[in-house]
>>> print(open('model.txt').read())   # compact mmCIF, C-alpha atoms (C1' of nucleotides)
# COMPACT_ATOMS: atom_id res chain seq x y z
CA MET A 16 56.07 -100.76 79.20
CA ASP A 17 54.09 -101.00 75.99
CA VAL A 18 51.87 -98.10 76.86
CA ILE A 19 54.83 -96.01 77.87
CA ASP A 20 56.61 -96.98 74.67
CA LYS A 21 53.74 -95.78 72.51
CA GLU A 22 53.55 -92.61 74.50
CA LEU A 23 57.25 -91.99 74.00
CA SER A 24 57.02 -92.67 70.28
CA ARG A 25 54.25 -90.14 70.06
CA ALA A 26 56.25 -87.64 72.08
CA PHE A 27 59.28 -88.04 69.84
CA ARG A 28 57.30 -87.76 66.63
CA SER A 29 55.44 -84.72 67.85
CA LYS A 30 58.75 -83.01 68.52
CA ASN A 31 60.28 -84.18 65.27
CA ILE A 32 63.23 -85.81 66.95
CA ARG A 33 64.63 -89.14 65.91
CA MET A 34 63.82 -92.04 68.20
CA THR A 35 66.85 -94.13 69.04
CA ARG A 36 66.97 -97.04 71.43
CA GLN A 37 69.11 -94.99 73.78
CA ARG A 38 66.81 -92.01 73.76
CA ARG A 39 63.74 -94.09 74.35
CA ALA A 40 65.39 -95.96 77.20
CA ILE A 41 66.54 -92.75 78.88
CA LEU A 42 63.15 -91.10 78.81
CA GLY A 43 61.50 -94.38 79.74
CA VAL A 44 63.68 -94.77 82.82
CA LEU A 45 63.12 -91.18 83.84
CA ARG A 46 59.35 -91.45 83.39
CA SER A 47 59.23 -94.62 85.45
CA THR A 48 60.44 -93.02 88.65
CA ASP A 49 59.51 -90.10 90.86
CA LEU A 50 62.96 -89.88 92.38
CA HIS A 51 64.12 -86.89 90.32
CA PRO A 52 67.38 -88.72 89.64
CA THR A 53 70.81 -87.52 88.54
CA ALA A 54 72.33 -88.23 85.13
CA ASP A 55 74.51 -90.88 86.69
CA TRP A 56 71.56 -92.70 88.28
CA ILE A 57 69.79 -92.69 84.93
CA TYR A 58 72.95 -93.96 83.27
CA GLU A 59 73.18 -96.91 85.65
CA LYS A 60 69.53 -97.78 85.15
CA VAL A 61 69.70 -97.54 81.37
CA ARG A 62 72.80 -99.74 81.39
CA GLU A 63 70.62 -102.58 82.65
CA ILE A 64 68.78 -102.34 79.33
CA LEU A 65 71.58 -101.12 77.03
CA PRO A 66 74.86 -102.19 78.64
CA ASN A 67 77.00 -100.37 76.07
CA ILE A 68 75.46 -96.96 76.39
CA SER A 69 77.89 -94.23 77.36
CA LEU A 70 77.47 -91.51 79.93
CA GLY A 71 78.08 -88.94 77.21
CA THR A 72 75.05 -90.20 75.34
CA VAL A 73 72.94 -89.90 78.46
CA TYR A 74 73.99 -86.29 78.93
CA ARG A 75 73.51 -85.47 75.26
CA ASN A 76 70.03 -86.91 75.26
CA LEU A 77 68.99 -85.33 78.51
CA ASN A 78 69.93 -81.98 77.01
CA ILE A 79 68.08 -82.66 73.77
CA LEU A 80 64.98 -83.86 75.61
CA LYS A 81 65.15 -80.80 77.81
CA GLU A 82 65.35 -78.48 74.82
CA HIS A 83 62.27 -80.18 73.38
CA GLU A 84 60.53 -79.82 76.72
CA LEU A 85 60.12 -83.53 77.29
CA LEU A 86 61.74 -83.24 80.72
CA ARG A 87 63.00 -80.62 83.18
CA GLU A 88 66.38 -80.06 84.73
CA LEU A 89 66.47 -79.12 88.40
CA ASN A 90 69.41 -77.37 90.03
CA TYR A 91 69.66 -77.02 93.76
CA SER A 92 72.27 -75.52 96.03
CA ASP A 93 75.45 -77.55 96.30
CA GLU A 94 74.07 -80.27 94.13
CA VAL A 95 74.50 -81.85 90.76
CA SER A 96 71.66 -81.64 88.26
CA HIS A 97 68.54 -83.68 88.81
CA PHE A 98 66.04 -84.52 86.11
CA ASP A 99 62.28 -84.58 86.22
CA GLY A 100 60.27 -86.60 83.72
CA ASN A 101 57.32 -84.31 84.29
CA ALA A 102 57.90 -81.39 81.97
CA GLU A 103 54.96 -79.38 83.31
CA ASN A 104 55.84 -76.65 85.76
CA HIS A 105 55.19 -77.78 89.32
CA TYR A 106 56.51 -77.19 92.81
CA HIS A 107 59.01 -79.24 94.79
CA PHE A 108 59.96 -79.96 98.36
CA ILE A 109 63.61 -80.74 99.10
CA CYS A 110 64.52 -82.51 102.33
CA GLN A 111 67.49 -80.74 103.87
CA ASN A 112 68.57 -83.95 105.52
CA CYS A 113 68.31 -86.73 102.94
CA LYS A 114 68.29 -84.35 99.94
CA ARG A 115 65.40 -86.19 98.35
CA ILE A 116 63.13 -84.19 96.08
CA PHE A 117 59.36 -84.55 96.33
CA ASP A 118 56.61 -83.23 94.11
CA ILE A 119 54.17 -80.84 95.74
CA ASP A 120 50.56 -81.36 94.76
CA GLU A 121 49.54 -77.75 94.47
CA PRO A 122 48.38 -75.89 91.37
CA VAL A 123 50.82 -73.39 89.92
CA ASP A 124 49.75 -69.88 90.86
CA ILE A 125 49.60 -68.00 87.57
CA GLN A 126 47.99 -65.00 89.22
CA LEU A 127 51.24 -64.54 91.08
CA ASP A 128 53.14 -63.91 87.84
CA ARG A 129 50.62 -61.27 86.79
CA ARG A 130 50.63 -59.56 90.15
CA ILE A 131 54.43 -59.39 90.41
CA SER A 132 54.69 -58.41 86.79
CA SER A 133 52.44 -55.39 87.12
CA LYS A 134 54.07 -54.47 90.41
CA THR A 135 57.65 -54.62 89.17
CA GLY A 136 57.46 -54.07 85.43
CA PHE A 137 59.26 -57.31 84.63
CA GLU A 138 57.77 -59.39 81.85
CA ILE A 139 57.37 -62.72 83.62
CA ASP A 140 57.27 -66.02 81.79
CA HIS A 141 57.04 -68.36 84.75
CA HIS A 142 58.21 -68.85 88.28
CA ARG A 143 59.91 -71.57 90.20
CA LEU A 144 58.98 -72.40 93.76
CA GLU A 145 60.72 -74.82 96.09
CA PHE A 146 60.12 -75.62 99.72
CA TYR A 147 62.94 -76.70 102.01
CA GLY A 148 62.61 -78.59 105.25
CA ILE A 149 62.62 -82.06 106.77
CA CYS A 150 60.63 -84.90 105.25
CA PRO A 151 58.51 -87.22 107.45
CA ASN A 152 61.05 -90.03 107.07
CA CYS A 153 63.93 -87.97 108.41
CA LYS A 154 61.87 -86.33 111.13
CA ASP A 155 61.40 -89.69 112.82
CA LEU A 156 65.07 -90.58 112.74
CA PRO A 157 66.98 -90.78 116.02
CA TYR A 158 70.07 -88.60 116.41
CA MET B 8 83.66 -47.75 103.72
CA ASP B 9 84.11 -46.94 107.41
CA VAL B 10 80.50 -47.61 108.26
CA ILE B 11 80.53 -50.82 106.29
CA ASP B 12 83.77 -51.82 107.98
CA LYS B 13 82.30 -51.45 111.44
CA GLU B 14 79.24 -53.35 110.39
CA LEU B 15 81.39 -56.18 109.05
CA SER B 16 83.48 -56.28 112.23
CA ARG B 17 80.31 -56.58 114.24
CA ALA B 18 79.02 -59.30 111.95
CA PHE B 19 82.22 -61.30 112.27
CA ARG B 20 82.40 -60.94 116.03
CA SER B 21 78.78 -61.91 116.45
CA LYS B 22 79.45 -65.10 114.50
CA ASN B 23 82.71 -65.80 116.31
CA ILE B 24 84.74 -66.01 113.14
CA ARG B 25 88.15 -64.52 112.75
CA MET B 26 88.31 -61.33 110.70
CA THR B 27 91.05 -61.38 108.10
CA ARG B 28 91.74 -58.71 105.53
CA GLN B 29 90.66 -61.10 102.82
CA ARG B 30 87.42 -62.01 104.49
CA ARG B 31 86.50 -58.43 105.17
CA ALA B 32 87.27 -57.41 101.60
CA ILE B 33 85.20 -60.24 100.15
CA LEU B 34 82.11 -59.47 102.18
CA GLY B 35 82.67 -55.76 101.65
CA VAL B 36 82.76 -56.15 97.90
CA LEU B 37 79.70 -58.38 97.92
CA ARG B 38 77.74 -56.00 100.12
CA SER B 39 78.60 -53.06 97.90
CA THR B 40 76.82 -54.38 94.84
CA ASP B 41 73.37 -55.60 93.91
CA LEU B 42 74.64 -57.57 90.93
CA HIS B 43 74.52 -60.99 92.62
CA PRO B 44 78.00 -61.69 91.27
CA THR B 45 79.91 -64.90 90.69
CA ALA B 46 82.95 -65.98 92.72
CA ASP B 47 85.18 -64.93 89.86
CA TRP B 48 83.69 -61.44 89.67
CA ILE B 49 84.22 -61.04 93.40
CA TYR B 50 87.78 -62.31 93.00
CA GLU B 51 88.57 -59.69 90.38
CA LYS B 52 87.08 -56.90 92.48
CA VAL B 53 88.89 -57.96 95.64
CA ARG B 54 92.14 -58.11 93.70
CA GLU B 55 91.90 -54.37 93.24
CA ILE B 56 92.25 -54.10 97.01
CA LEU B 57 94.36 -57.19 97.75
CA PRO B 58 96.28 -58.02 94.56
CA ASN B 59 97.74 -61.25 95.98
CA ILE B 60 94.52 -62.90 97.06
CA SER B 61 93.88 -66.26 95.47
CA LEU B 62 90.68 -67.60 93.98
CA GLY B 63 90.82 -70.50 96.42
CA THR B 64 90.64 -68.06 99.32
CA VAL B 65 87.62 -66.40 97.77
CA TYR B 66 85.82 -69.72 97.48
CA ARG B 67 86.81 -70.80 100.97
CA ASN B 68 85.53 -67.59 102.46
CA LEU B 69 82.33 -67.52 100.49
CA ASN B 70 81.59 -70.97 101.88
CA ILE B 71 82.44 -69.99 105.43
CA LEU B 72 80.37 -66.82 105.22
CA LYS B 73 77.50 -68.82 103.79
CA GLU B 74 77.67 -71.32 106.64
CA HIS B 75 77.50 -68.45 109.08
CA GLU B 76 74.57 -66.99 107.18
CA LEU B 77 76.32 -63.77 106.27
CA LEU B 78 75.49 -64.30 102.60
CA ARG B 79 73.46 -66.56 100.32
CA GLU B 80 74.44 -68.73 97.41
CA LEU B 81 72.14 -68.79 94.40
CA ASN B 82 72.11 -71.60 91.85
CA TYR B 83 70.25 -71.31 88.61
CA SER B 84 69.80 -73.63 85.68
CA ASP B 85 72.91 -74.03 83.56
CA GLU B 86 74.75 -71.46 85.56
CA VAL B 87 77.63 -71.08 87.94
CA SER B 88 76.95 -70.02 91.51
CA HIS B 89 76.02 -66.45 92.24
CA PHE B 90 76.31 -64.83 95.65
CA ASP B 91 73.97 -62.46 97.42
CA GLY B 92 75.21 -60.20 100.19
CA ASN B 93 71.69 -60.00 101.55
CA ALA B 94 71.36 -63.06 103.76
CA GLU B 95 67.64 -62.50 104.39
CA ASN B 96 65.31 -64.65 102.35
CA HIS B 97 63.88 -62.69 99.43
CA TYR B 98 62.65 -63.30 95.92
CA HIS B 99 64.50 -62.88 92.63
CA PHE B 100 63.80 -62.24 89.00
CA ILE B 101 66.19 -63.73 86.42
CA CYS B 102 66.27 -62.31 82.90
CA GLN B 103 66.30 -65.19 80.45
CA ASN B 104 68.14 -63.06 77.94
CA CYS B 105 70.92 -61.23 79.78
CA LYS B 106 70.91 -63.62 82.78
CA ARG B 107 71.00 -60.74 85.22
CA ILE B 108 69.47 -61.34 88.63
CA PHE B 109 67.21 -58.72 90.19
CA ASP B 110 65.78 -58.48 93.67
CA ILE B 111 62.00 -58.52 93.91
CA ASP B 112 60.55 -56.09 96.40
CA GLU B 113 57.84 -58.31 97.79
CA PRO B 114 57.47 -59.60 101.34
CA VAL B 115 58.19 -63.28 101.84
CA ASP B 116 54.92 -65.15 102.21
CA ILE B 117 55.28 -67.12 105.44
CA GLN B 118 51.64 -68.16 105.36
CA LEU B 119 52.47 -70.15 102.26
CA ASP B 120 54.85 -72.38 104.22
CA ARG B 121 52.20 -73.07 106.83
CA ARG B 122 49.54 -73.78 104.27
CA ILE B 123 51.67 -76.18 102.23
CA SER B 124 53.01 -77.77 105.38
CA SER B 125 49.59 -78.66 106.75
CA LYS B 126 48.44 -79.77 103.32
CA THR B 127 51.39 -82.06 102.60
CA GLY B 128 52.76 -83.06 105.99
CA PHE B 129 56.24 -81.78 105.20
CA GLU B 130 57.94 -79.77 107.89
CA ILE B 131 58.85 -76.64 105.97
CA ASP B 132 61.69 -74.37 106.99
CA HIS B 133 61.53 -71.89 104.14
CA HIS B 134 60.83 -71.57 100.46
CA ARG B 135 62.62 -70.15 97.51
CA LEU B 136 60.80 -68.31 94.78
CA GLU B 137 62.23 -67.08 91.49
CA PHE B 138 60.59 -65.44 88.54
CA TYR B 139 61.89 -65.89 85.01
CA GLY B 140 61.27 -63.63 82.05
CA ILE B 141 62.66 -60.68 80.13
CA CYS B 142 63.87 -57.55 81.88
CA PRO B 143 62.90 -54.07 80.61
CA ASN B 144 66.38 -53.51 79.20
CA CYS B 145 66.28 -56.60 77.02
CA LYS B 146 62.67 -56.09 75.98
CA ASP B 147 63.62 -52.90 74.18
CA LEU B 148 66.52 -54.44 72.31
CA PRO B 149 66.26 -54.80 68.52
CA TYR B 150 66.63 -58.29 67.07
C1' DT C 26 71.13 -92.47 51.24
C1' DT C 27 72.30 -89.31 54.57
C1' DA C 28 71.77 -86.39 58.36
C1' DG C 29 71.81 -87.20 62.82
C1' DA C 30 73.19 -90.29 66.89
C1' DT C 31 76.49 -93.22 69.36
C1' DG C 32 80.76 -94.81 72.12
C1' DC C 33 84.94 -93.70 73.57
C1' DA C 34 88.18 -90.95 75.62
C1' DA C 35 89.97 -86.62 76.29
C1' DA C 36 89.17 -81.91 77.45
C1' DG C 37 86.62 -78.24 79.96
C1' DG C 38 85.67 -75.44 83.75
C1' DG C 39 83.93 -74.25 88.17
C1' DT C 40 85.10 -75.56 92.78
C1' DT C 41 87.77 -77.91 96.37
C1' DT C 42 91.89 -79.29 98.78
C1' DG C 43 96.86 -80.49 100.58
C1' DC C 44 100.56 -78.19 102.29
C1' DA C 45 103.98 -75.04 103.99
C1' DA C 46 104.08 -70.29 105.34
C1' DC C 47 101.65 -66.67 107.51
C1' DG C 48 98.51 -63.76 110.47
C1' DT C 49 95.00 -63.16 114.03
C1' DC C 50 93.63 -63.32 118.58
C1' DG D 28 102.15 -69.34 121.08
C1' DA D 29 98.40 -71.80 119.03
C1' DC D 30 95.46 -72.44 115.72
C1' DG D 31 92.89 -70.69 111.97
C1' DT D 32 93.86 -68.69 107.28
C1' DT D 33 96.35 -67.84 103.05
C1' DG D 34 98.55 -68.60 98.33
C1' DC D 35 99.72 -71.76 95.22
C1' DA D 36 98.94 -75.46 92.35
C1' DA D 37 97.16 -79.76 91.73
C1' DA D 38 93.21 -82.56 92.08
C1' DC D 39 88.18 -83.24 91.70
C1' DC D 40 84.12 -84.17 89.45
C1' DC D 41 80.27 -83.27 86.70
C1' DT D 42 79.50 -82.22 82.08
C1' DT D 43 80.74 -81.36 77.28
C1' DT D 44 82.99 -82.37 72.97
C1' DG D 45 85.80 -84.26 68.77
C1' DC D 46 85.87 -87.98 65.94
C1' DA D 47 85.24 -92.24 63.54
C1' DT D 48 81.52 -95.41 63.24
C1' DC D 49 76.84 -96.57 63.14
C1' DT D 50 71.74 -96.16 62.41
C1' DA D 51 66.97 -94.38 61.97
C1' DA D 52 64.03 -92.66 58.59
>>> encode(input="model.txt", output="structure tokens")
Amino acid sequence: MDVIDKELSRAFRSKNIRMTRQRRAILGVLRSTDLHPTADWIYEKVREILPNISLGTVYRNLNILKEHELLRELNYSDEVSHFDGNAENHYHFICQNCKRIFDIDEPVDIQLDRRISSKTGFEIDHHRLEFYGICPNCKDLPY
Amino acid sequence: MDVIDKELSRAFRSKNIRMTRQRRAILGVLRSTDLHPTADWIYEKVREILPNISLGTVYRNLNILKEHELLRELNYSDEVSHFDGNAENHYHFICQNCKRIFDIDEPVDIQLDRRISSKTGFEIDHHRLEFYGICPNCKDLPY
DNA sequence: TTAGATGCAAAGGGTTTGCAACGTC
DNA sequence: GACGTTGCAAACCCTTTGCATCTAA
């Protein structure tokens, strides 16, 4: 937790945003999981550290951290927002059964942006790619 | 409107769902635009044809039509749902300035699903690809 | 010292839902 | 005639916000 703490302090200073206990706890919790959790899940986890924190504070900080590109917000069909402590663009797989979100270990295809850009005339900043299907866990489940 | 009407009747029959005036109008309106509109936009348009229709009916029907794969729902960051009368998988470009959604004329890369599937072990049904940037209209705007 | 952050609770806003009346097949 | 659908309005639920208090720098 010490290493993470230092890393977070550095992140906050580099973005010129004030480091509060709440903010550090929120980003710490998010960075300690690969579950791509919801605001409410993060709230419950942070409450184990700061029992008096409010859900409003969690939302406010998630938005601030997003604006400073210290995390990403993920929106999927029919779902509430999920948050990703990895702010770098990367691809995801969403299980259509259990709704879990997995990271895909595949480099982002920057060539694609250039190709589509010159083909269509749109000035492309980035793209977002998600795969949908059934994860190994759910595939083995009986009906 | 006659051709579209027949097409819609066929679509409804083929899916075994009852065809009501409201339902036909909703899908008709959606199929007559490439704006990828919101439920509220569709509601306002349908009201020009059926002034007494309620927003609840629009939502209910959009969900039913989505379940029967007669349209697609699109969710983007920080945004309300948009609906696409083209139920076939295809790619989109979203302008980060005006938020408009454009279709991308590019074949869906099915090889990609196979490649990622064998690489990761996930059973992939489909993928969703969106490009973000600035559209030609907004690029030319003064600041 | 002071601008920015917090906790609380209320408000917002898109979407869903219960119910009696209605319309489609 | 039976059952799915509608219109209406209220409820839902995630998220945002106003405000007095607090706190990091």
>>> interface_residues(input="model.txt", of="chain D", to="chain A", cutoff="9 Å", atoms="only C-alpha atoms (C1' of nucleotides)", output="list in words")
DC41, DT42, DT43, DT50, DA51 and DA52 of chain D
>>> closest_atom_pairs(input="model.txt", of="chain A", to="chain B", cutoff="6 Å", atoms="all atoms listed in the file", output="tab-separated table")
residue	atom	partner	partner_atom	distance
A:Asn90	CA	B:Ser84	CA	5.7
A:Ser92	CA	B:Asn82	CA	5.7
A:Phe137	CA	B:Cys142	CA	5.4
A:Glu138	CA	B:Ile141	CA	5.3
A:Ile139	CA	B:Gly140	CA	4.3
A:Asp140	CA	B:Gly140	CA	4.7
A:His141	CA	B:Tyr139	CA	5.4
A:His142	CA	B:Phe138	CA	4.2
A:Arg143	CA	B:Glu137	CA	5.2
A:Leu144	CA	B:Leu136	CA	4.6
A:Glu145	CA	B:Arg135	CA	5.2
A:Phe146	CA	B:His134	CA	4.2
A:Tyr147	CA	B:His133	CA	5.4
A:Gly148	CA	B:Ile131	CA	4.3
A:Ile149	CA	B:Glu130	CA	5.3
A:Cys150	CA	B:Phe129	CA	5.4
>>> closest_residue(input="model.txt", among="C:DC47, C:DG32, C:DT26, C:DT40", to="chain B", atoms="all atoms listed in the file")
C:DT40
>>> interface_residues(input="model.txt", of="chain A", to="chain C", cutoff="8 Å", atoms="all atoms listed in the file", output="list in words")
Thr35, Asn67, Ile68, Ser69 and Thr72 of chain A
>>> residues_around(input="model.txt", residues="Val115 (chain B)", least_positions_apart="6", cutoff="8 Å", atoms="only C-alpha atoms (C1' of nucleotides)", output="list in words")
Asn96, His97 and Tyr98 of chain B
>>> atom_distance(input="model.txt", atom1="CA of Glu82 (chain A)", atom2="CA of Lys30 (chain A)")
10.2 Å
>>> residues_around(input="model.txt", residues="region 76-81 of chain A", least_positions_apart="3", cutoff="9 Å", atoms="all atoms listed in the file", output="MDAnalysis selection string")
chainID A and resid 32 37:38 41:42 54 71:73 84:88 98 102
>>> atom_distance(input="model.txt", atom1="CA of Arg20 (chain B)", atom2="CA of Glu51 (chain B)")
26.4 Å
>>> decode(input="model.txt", residues="region 27-46 of chain C", atoms="N, CA, C and O atoms (P, O5', C5', C4', C3', O3' and C1' of nucleotides)", output="short mmCIF file (atom, residue, chain, number, x, y, z; two decimals), in the first residue's frame")
data_model
loop_
_atom_site.label_atom_id
_atom_site.label_comp_id
_atom_site.auth_asym_id
_atom_site.auth_seq_id
_atom_site.Cartn_x
_atom_site.Cartn_y
_atom_site.Cartn_z
P DT C 27 -7.07 35.30 3.23
"O5'" DT C 27 -7.48 34.14 2.21
"C5'" DT C 27 -6.47 33.46 1.46
"C4'" DT C 27 -7.10 32.28 0.76
"C3'" DT C 27 -8.60 32.45 0.51
"O3'" DT C 27 -8.91 31.83 -0.71
"C1'" DT C 27 -8.25 30.50 1.72
P DA C 28 -9.62 32.64 -1.86
"O5'" DA C 28 -9.58 31.58 -3.05
"C5'" DA C 28 -8.33 31.05 -3.46
"C4'" DA C 28 -8.42 29.53 -3.53
"C3'" DA C 28 -9.58 29.01 -4.36
"O3'" DA C 28 -9.10 27.93 -5.13
"C1'" DA C 28 -9.68 28.09 -2.19
P DG C 29 -9.95 27.28 -6.23
"O5'" DG C 29 -10.12 25.79 -5.71
"C5'" DG C 29 -8.99 25.09 -5.24
"C4'" DG C 29 -9.44 24.00 -4.30
"C3'" DG C 29 -10.54 23.09 -4.88
"O3'" DG C 29 -10.14 21.77 -4.63
"C1'" DG C 29 -11.15 23.83 -2.74
P DA C 30 -10.96 20.54 -5.08
"O5'" DA C 30 -11.47 19.91 -3.71
"C5'" DA C 30 -10.52 19.47 -2.76
"C4'" DA C 30 -11.24 18.79 -1.63
"C3'" DA C 30 -12.28 17.78 -2.07
"O3'" DA C 30 -12.15 16.62 -1.26
"C1'" DA C 30 -13.27 19.43 -0.70
P DT C 31 -13.18 15.45 -1.34
"O5'" DT C 31 -14.11 15.73 -0.08
"C5'" DT C 31 -13.55 15.61 1.22
"C4'" DT C 31 -14.64 15.79 2.25
"C3'" DT C 31 -15.78 14.79 2.11
"O3'" DT C 31 -15.92 14.08 3.32
"C1'" DT C 31 -16.60 17.03 2.25
P DG C 32 -16.73 12.70 3.42
"O5'" DG C 32 -18.10 13.12 4.11
"C5'" DG C 32 -18.11 13.99 5.21
"C4'" DG C 32 -19.54 14.25 5.66
"C3'" DG C 32 -20.55 13.15 5.36
"O3'" DG C 32 -21.44 13.08 6.48
"C1'" DG C 32 -21.18 15.13 4.20
P DC C 33 -22.54 11.97 6.66
"O5'" DC C 33 -23.88 12.74 6.32
"C5'" DC C 33 -24.14 14.00 6.93
"C4'" DC C 33 -25.25 14.72 6.19
"C3'" DC C 33 -26.38 13.80 5.71
"O3'" DC C 33 -27.57 14.13 6.41
"C1'" DC C 33 -25.74 15.37 4.04
P DA C 34 -28.88 13.19 6.29
"O5'" DA C 34 -29.82 14.09 5.38
"C5'" DA C 34 -29.66 15.51 5.40
"C4'" DA C 34 -30.32 16.08 4.17
"C3'" DA C 34 -31.52 15.28 3.68
"O3'" DA C 34 -32.53 16.17 3.26
"C1'" DA C 34 -29.96 15.45 1.94
P DA C 35 -33.97 15.64 2.83
"O5'" DA C 35 -34.37 16.71 1.73
"C5'" DA C 35 -33.62 17.93 1.61
"C4'" DA C 35 -33.45 18.26 0.15
"C3'" DA C 35 -34.65 17.88 -0.73
"O3'" DA C 35 -34.95 18.96 -1.59
"C1'" DA C 35 -32.67 16.96 -1.63
P DA C 36 -36.18 18.91 -2.59
"O5'" DA C 36 -35.47 18.94 -4.01
"C5'" DA C 36 -34.42 19.88 -4.23
"C4'" DA C 36 -33.74 19.56 -5.54
"C3'" DA C 36 -34.70 19.34 -6.71
"O3'" DA C 36 -34.17 20.05 -7.81
"C1'" DA C 36 -33.26 17.47 -6.49
P DG C 37 -35.02 20.23 -9.17
"O5'" DG C 37 -34.16 19.40 -10.21
"C5'" DG C 37 -32.94 18.88 -9.81
"C4'" DG C 37 -32.25 18.25 -10.99
"C3'" DG C 37 -33.08 18.07 -12.25
"O3'" DG C 37 -32.22 18.23 -13.34
"C1'" DG C 37 -32.54 15.94 -11.32
P DG C 38 -32.76 18.43 -14.81
"O5'" DG C 38 -32.79 16.95 -15.36
"C5'" DG C 38 -31.60 16.17 -15.34
"C4'" DG C 38 -31.89 14.82 -15.95
"C3'" DG C 38 -33.02 14.82 -16.98
"O3'" DG C 38 -32.71 13.88 -17.98
"C1'" DG C 38 -33.56 13.37 -15.26
P DG C 39 -33.32 13.98 -19.42
"O5'" DG C 39 -33.14 12.47 -19.92
"C5'" DG C 39 -31.88 11.85 -19.78
"C4'" DG C 39 -32.07 10.41 -19.40
"C3'" DG C 39 -32.96 9.60 -20.35
"O3'" DG C 39 -32.33 8.35 -20.58
"C1'" DG C 39 -33.79 9.43 -18.15
P DT C 40 -32.98 7.33 -21.59
"O5'" DT C 40 -33.86 6.41 -20.63
"C5'" DT C 40 -33.17 5.59 -19.70
"C4'" DT C 40 -34.17 4.82 -18.87
"C3'" DT C 40 -35.14 3.95 -19.67
"O3'" DT C 40 -34.91 2.60 -19.29
"C1'" DT C 40 -36.25 5.16 -17.94
P DT C 41 -35.85 1.42 -19.73
"O5'" DT C 41 -36.84 1.26 -18.49
"C5'" DT C 41 -36.28 1.09 -17.21
"C4'" DT C 41 -37.38 0.88 -16.18
"C3'" DT C 41 -38.40 -0.21 -16.51
"O3'" DT C 41 -38.60 -0.95 -15.32
"C1'" DT C 41 -39.52 1.80 -16.04
P DT C 42 -39.43 -2.30 -15.29
"O5'" DT C 42 -40.79 -1.86 -14.60
"C5'" DT C 42 -40.74 -0.97 -13.50
"C4'" DT C 42 -42.15 -0.71 -12.99
"C3'" DT C 42 -43.17 -1.80 -13.35
"O3'" DT C 42 -44.11 -1.88 -12.29
"C1'" DT C 42 -43.87 0.25 -14.23
P DG C 43 -44.82 -3.27 -11.91
"O5'" DG C 43 -46.18 -2.77 -11.23
"C5'" DG C 43 -46.18 -1.59 -10.40
"C4'" DG C 43 -47.59 -1.08 -10.23
"C3'" DG C 43 -48.70 -2.09 -10.42
"O3'" DG C 43 -49.80 -1.72 -9.59
"C1'" DG C 43 -48.83 -0.47 -12.14
P DC C 44 -51.10 -2.67 -9.45
"O5'" DC C 44 -52.15 -1.90 -10.38
"C5'" DC C 44 -52.31 -0.49 -10.23
"C4'" DC C 44 -53.30 0.02 -11.27
"C3'" DC C 44 -54.34 -1.02 -11.70
"O3'" DC C 44 -55.62 -0.40 -11.77
"C1'" DC C 44 -53.27 -0.14 -13.60
P DA C 45 -56.98 -1.37 -11.59
"O5'" DA C 45 -58.01 -0.60 -12.50
"C5'" DA C 45 -58.06 0.83 -12.48
"C4'" DA C 45 -58.34 1.35 -13.87
"C3'" DA C 45 -59.54 0.68 -14.56
"O3'" DA C 45 -60.30 1.67 -15.23
"C1'" DA C 45 -57.61 0.45 -15.91
P DA C 46 -61.57 1.24 -16.17
"O5'" DA C 46 -61.03 1.52 -17.64
"C5'" DA C 46 -60.55 2.83 -17.96
"C4'" DA C 46 -60.05 2.85 -19.39
"C3'" DA C 46 -61.06 2.37 -20.42
"O3'" DA C 46 -60.95 3.21 -21.57
"C1'" DA C 46 -59.10 1.06 -20.57
#
